[in-house]
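All remarks here apply to the structure that follows.
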Amino acid sequence: ADVIEDTLLPAKEQVAAASGGALERLLLRSASPTPGEPIEVEHDDSPRSSVDTPSVVEPAKLSGAASALLVLVCACLISSTGLLTRAAEVDGQVLYSPFAASLFSELGKLAIGVVWAMAERTPFPPPAELGRAALAFVPPALGYVVVNNLRFTLVQVINPGLLQLLWNLKIVFIGALYALPPFHRRLELHQWGGAAILVAGTCAAEASQWEVSDSDGNSMTGDAWGMALVAVSLTLTSASAVACEHAYKSTDLSLPRQNIVLYSYGAGLNLLAATALREEVSLADLSLSSLTQHFSGWTWAVVAAQSLAGFSVGAVF
């Protein structure tokens with residue numbers, strides 16, 4: 001479902017959606033305007049500087065086998081994050097700092113963004129445009145920091161497979177947000193039908209696991225507490241997706257430079273949280289060993305999967 005949703009987005013926006021939240025853009029562009037609302041036309045006669053118009057090179061088409069392999073890798077990365085997080089636990093507890101793990105994930109995304117920006121070889125944007133981008137990406141960056149770290153708690157209380165199904169409900173949340181002011185976007189009948197099927201399927205999956213425990217005696221659904229956490233997380237990640245969409249569309253930086261701004265915030269905020277919320281880590285005595293306390297091979301696998309999952313979706317399309 002994650003891969004199919006992204007086929008509705010333009011190539012540039014697929015990469016943006018992938019790197020900031022791969023599955024959150026289905027309803028961001030496919031909703032129809034309300035009656036009387038002008039239809040946006042992809043045309044602009046205003047003069048633009050060379051900074052704003054980097055040359056675009058049409059990507060080479062992959063063979064069928066290569067595309068299928070890439071889709072398979074993408075699906076494995078997306079679906080494995082929760083399982084890897086559960087595997088990194090020790091006796092059901094997350095001993096390492098989730099903020100530190102998110103920090104290294106954001107640094108990985110930031111490194112990819114920097115290499116991508118260097119490969120573009122476009123002129124450095126003016127300070128005023130950088131300032132506008134820095135302000136525009138504050139809301140989504142704050143939201144994603146909370147959501148990305150809250151998912152470590154969610155995996156502890158909810159079965160990772162069920163959580164992955166429930167997480168797709170954010171598509172419905174985004175659609176609901178876009179129906180409200182100031183967007184007033186109207187969904188087509190088939191889109192409402194798809195949302196209804198998604199809700200019905202996830203509710204059925206949830207109902208089938210209610211009051212069921214795993215081999216360790218833990219609830220598969222997290223009961224009422226788990227569902228409350230899911231509802232809060234879905235609301236926050238949907239709002240962050242809408243805010244991120246606005247930031248991407250309201251700034252004229254190239255996509256990799258926009259990603260650099262977003263992931264710089266992510267790395268900085270996670271670093272501050274990791275040092276402020278754990279006694280053994282402080283800015284005064286900051287070191288790699290202090291940040292990676294209780295890290296295992298599984299933890300680093302979580303970091304790698306989180307860094308690569310979003311960009312792999314962009315590569316597929």
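Identifiers in the structure tokens: chain A, B, ... in order shown; residue index from 1 per chain; ligand index from 1 in order shown.
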If you run DSSP on the backbone, which residues of region 178-302 of chain A are strand (DSSP E or B), as a ChimeraX atom specification? /A:185-186,213,219
Could you turn the residues from that selection into a file that holds N, CA and C atoms, as a CSV table (one decimal), in the first residue's frame?
```
chain,number,residue,atom,x,y,z
A,185,ARG,N,-10.4,21.2,1.0
A,185,ARG,CA,-10.2,20.2,-0.1
A,185,ARG,C,-11.3,19.2,-0.1
A,186,ARG,N,-11.9,18.9,-1.2
A,186,ARG,CA,-12.9,17.9,-1.3
A,186,ARG,C,-12.4,16.6,-1.9
A,213,SER,N,-2.5,-12.0,23.7
A,213,SER,CA,-1.2,-11.8,24.2
A,213,SER,C,-0.2,-12.6,23.4
A,219,SER,N,0.3,-7.7,25.7
A,219,SER,CA,-0.9,-7.5,24.8
A,219,SER,C,-0.5,-7.1,23.4
```
If you run DSSP on the backbone here, which positions in region 80-130 of chain A get alpha helix (DSSP H)? Please write them as a PyMOL selection string. chain A and resi 80-87+98-120+127-130
Residue contacts of Ala100 (chain A) (8 Å, only C-alpha atoms) excluding same-chain residues fewer than 3 positions away, as a list in words: Tyr96, Ser97, Leu103, Phe104, Asn270, Leu271, Ala274, Leu291 and Thr292 of chain A
Dump of N, CA, C and O atoms for the selected residues, as a PDB file, in the first residue's frame:
```pdb
ATOM      1  N   TYR A  96      18.846   1.625  25.294  1.00  0.00           N
ATOM      2  CA  TYR A  96      19.553   2.728  24.641  1.00  0.00           C
ATOM      3  C   TYR A  96      18.640   3.948  24.581  1.00  0.00           C
ATOM      4  O   TYR A  96      17.422   3.866  24.824  1.00  0.00           O
ATOM      5  N   SER A  97      19.196   5.078  24.239  1.00  0.00           N
ATOM      6  CA  SER A  97      18.410   6.296  24.118  1.00  0.00           C
ATOM      7  C   SER A  97      17.740   6.350  22.751  1.00  0.00           C
ATOM      8  O   SER A  97      18.433   6.392  21.727  1.00  0.00           O
ATOM      9  N   LEU A 103      18.895  10.466  16.395  1.00  0.00           N
ATOM     10  CA  LEU A 103      19.956  11.400  16.012  1.00  0.00           C
ATOM     11  C   LEU A 103      20.808  10.822  14.895  1.00  0.00           C
ATOM     12  O   LEU A 103      21.058  11.485  13.874  1.00  0.00           O
ATOM     13  N   PHE A 104      21.249   9.579  15.040  1.00  0.00           N
ATOM     14  CA  PHE A 104      22.100   8.979  14.014  1.00  0.00           C
ATOM     15  C   PHE A 104      21.315   8.706  12.729  1.00  0.00           C
ATOM     16  O   PHE A 104      21.881   8.776  11.632  1.00  0.00           O
ATOM     17  N   ASN A 270      17.182  16.217  18.257  1.00  0.00           N
ATOM     18  CA  ASN A 270      17.401  14.916  18.886  1.00  0.00           C
ATOM     19  C   ASN A 270      18.645  14.930  19.767  1.00  0.00           C
ATOM     20  O   ASN A 270      18.682  14.282  20.817  1.00  0.00           O
ATOM     21  N   LEU A 271      19.677  15.670  19.353  1.00  0.00           N
ATOM     22  CA  LEU A 271      20.875  15.790  20.178  1.00  0.00           C
ATOM     23  C   LEU A 271      20.552  16.485  21.498  1.00  0.00           C
ATOM     24  O   LEU A 271      20.978  16.044  22.571  1.00  0.00           O
ATOM     25  N   ALA A 274      18.541  14.073  23.630  1.00  0.00           N
ATOM     26  CA  ALA A 274      19.360  12.975  24.152  1.00  0.00           C
ATOM     27  C   ALA A 274      20.219  13.417  25.336  1.00  0.00           C
ATOM     28  O   ALA A 274      20.438  12.656  26.287  1.00  0.00           O
ATOM     29  N   LEU A 291      26.802   8.633  23.720  1.00  0.00           N
ATOM     30  CA  LEU A 291      25.570   8.609  22.943  1.00  0.00           C
ATOM     31  C   LEU A 291      25.159   7.195  22.562  1.00  0.00           C
ATOM     32  O   LEU A 291      23.966   6.910  22.407  1.00  0.00           O
ATOM     33  N   THR A 292      26.121   6.309  22.404  1.00  0.00           N
ATOM     34  CA  THR A 292      25.824   4.963  21.916  1.00  0.00           C
ATOM     35  C   THR A 292      25.822   3.930  23.034  1.00  0.00           C
ATOM     36  O   THR A 292      25.994   2.738  22.772  1.00  0.00           O
TER      37      THR A 292
END
```
Using only C-alpha atoms, which protein or nucleic acid residues come within 8 Å of Leu229 (chain A)? Drop anything in the same chain fewer than 4 positions from it, and give the result as an MDAnalysis selection string. chainID A and resid 154 225 233
Okay, now the selection with N, CA and C atoms, as a CSV table (one decimal), in the first residue's frame?
```
chain,number,residue,atom,x,y,z
A,154,LEU,N,5.7,3.0,21.1
A,154,LEU,CA,4.6,2.3,20.5
A,154,LEU,C,5.0,0.8,20.2
A,225,TRP,N,-4.6,2.0,26.4
A,225,TRP,CA,-3.4,2.9,26.5
A,225,TRP,C,-2.7,2.9,25.1
A,233,SER,N,-0.3,9.8,18.1
A,233,SER,CA,0.8,9.8,17.1
A,233,SER,C,0.3,10.0,15.7
```
Give me the region 207-271 of chain A side of the contact with region 165-181 of chain A, cut-off 7 Å, one line per residue showing its nearest atom pair and distance in Å at one decimal, counting only C-alpha atoms, sorted by chain and residue number, as CSV.
```
residue,atom,partner,partner_atom,distance
A:Leu234,CA,A:Lys170,CA,5.4
A:Thr235,CA,A:Phe173,CA,6.6
A:Ser238,CA,A:Ile174,CA,5.2
```
Create the file for the chosen residues now, containing N, CA, C and O atoms and written as a short mmCIF file (atom, residue, chain, number, x, y, z; two decimals), in the first residue's frame.
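Written out: again.cif:
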```cif
data_model
loop_
_atom_site.label_atom_id
_atom_site.label_comp_id
_atom_site.auth_asym_id
_atom_site.auth_seq_id
_atom_site.Cartn_x
_atom_site.Cartn_y
_atom_site.Cartn_z
N LEU A 234 -0.84 9.43 15.36
CA LEU A 234 -1.39 9.63 14.03
C LEU A 234 -1.79 11.08 13.80
O LEU A 234 -1.58 11.63 12.71
N THR A 235 -2.39 11.69 14.82
CA THR A 235 -2.76 13.10 14.69
C THR A 235 -1.54 13.98 14.49
O THR A 235 -1.50 14.86 13.62
N SER A 238 0.24 13.34 11.07
CA SER A 238 -0.54 13.90 9.97
C SER A 238 -0.38 15.41 9.91
O SER A 238 -0.20 15.99 8.83
#
```
Go ahead and compute the interatomic distance for CA of Cys203 (chain A) and CA of Ala228 (chain A), in Å to one decimal. 14.4 Å
Rank nothing, just name the residue among A:Thr202, A:Thr85, A:Thr122, A:Ser105 nearest to Val155 (chain A), using only C-alpha atoms.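 Answer, going by the shortest atom-to-atom distance: A:Thr85.
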Between CA of Leu84 (chain A) and CA of Gly161 (chain A), measure the distance and give it in Å to one decimal.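 Taking CA of Leu84 (chain A) and CA of Gly161 (chain A), their separation equals 11.5 Å.
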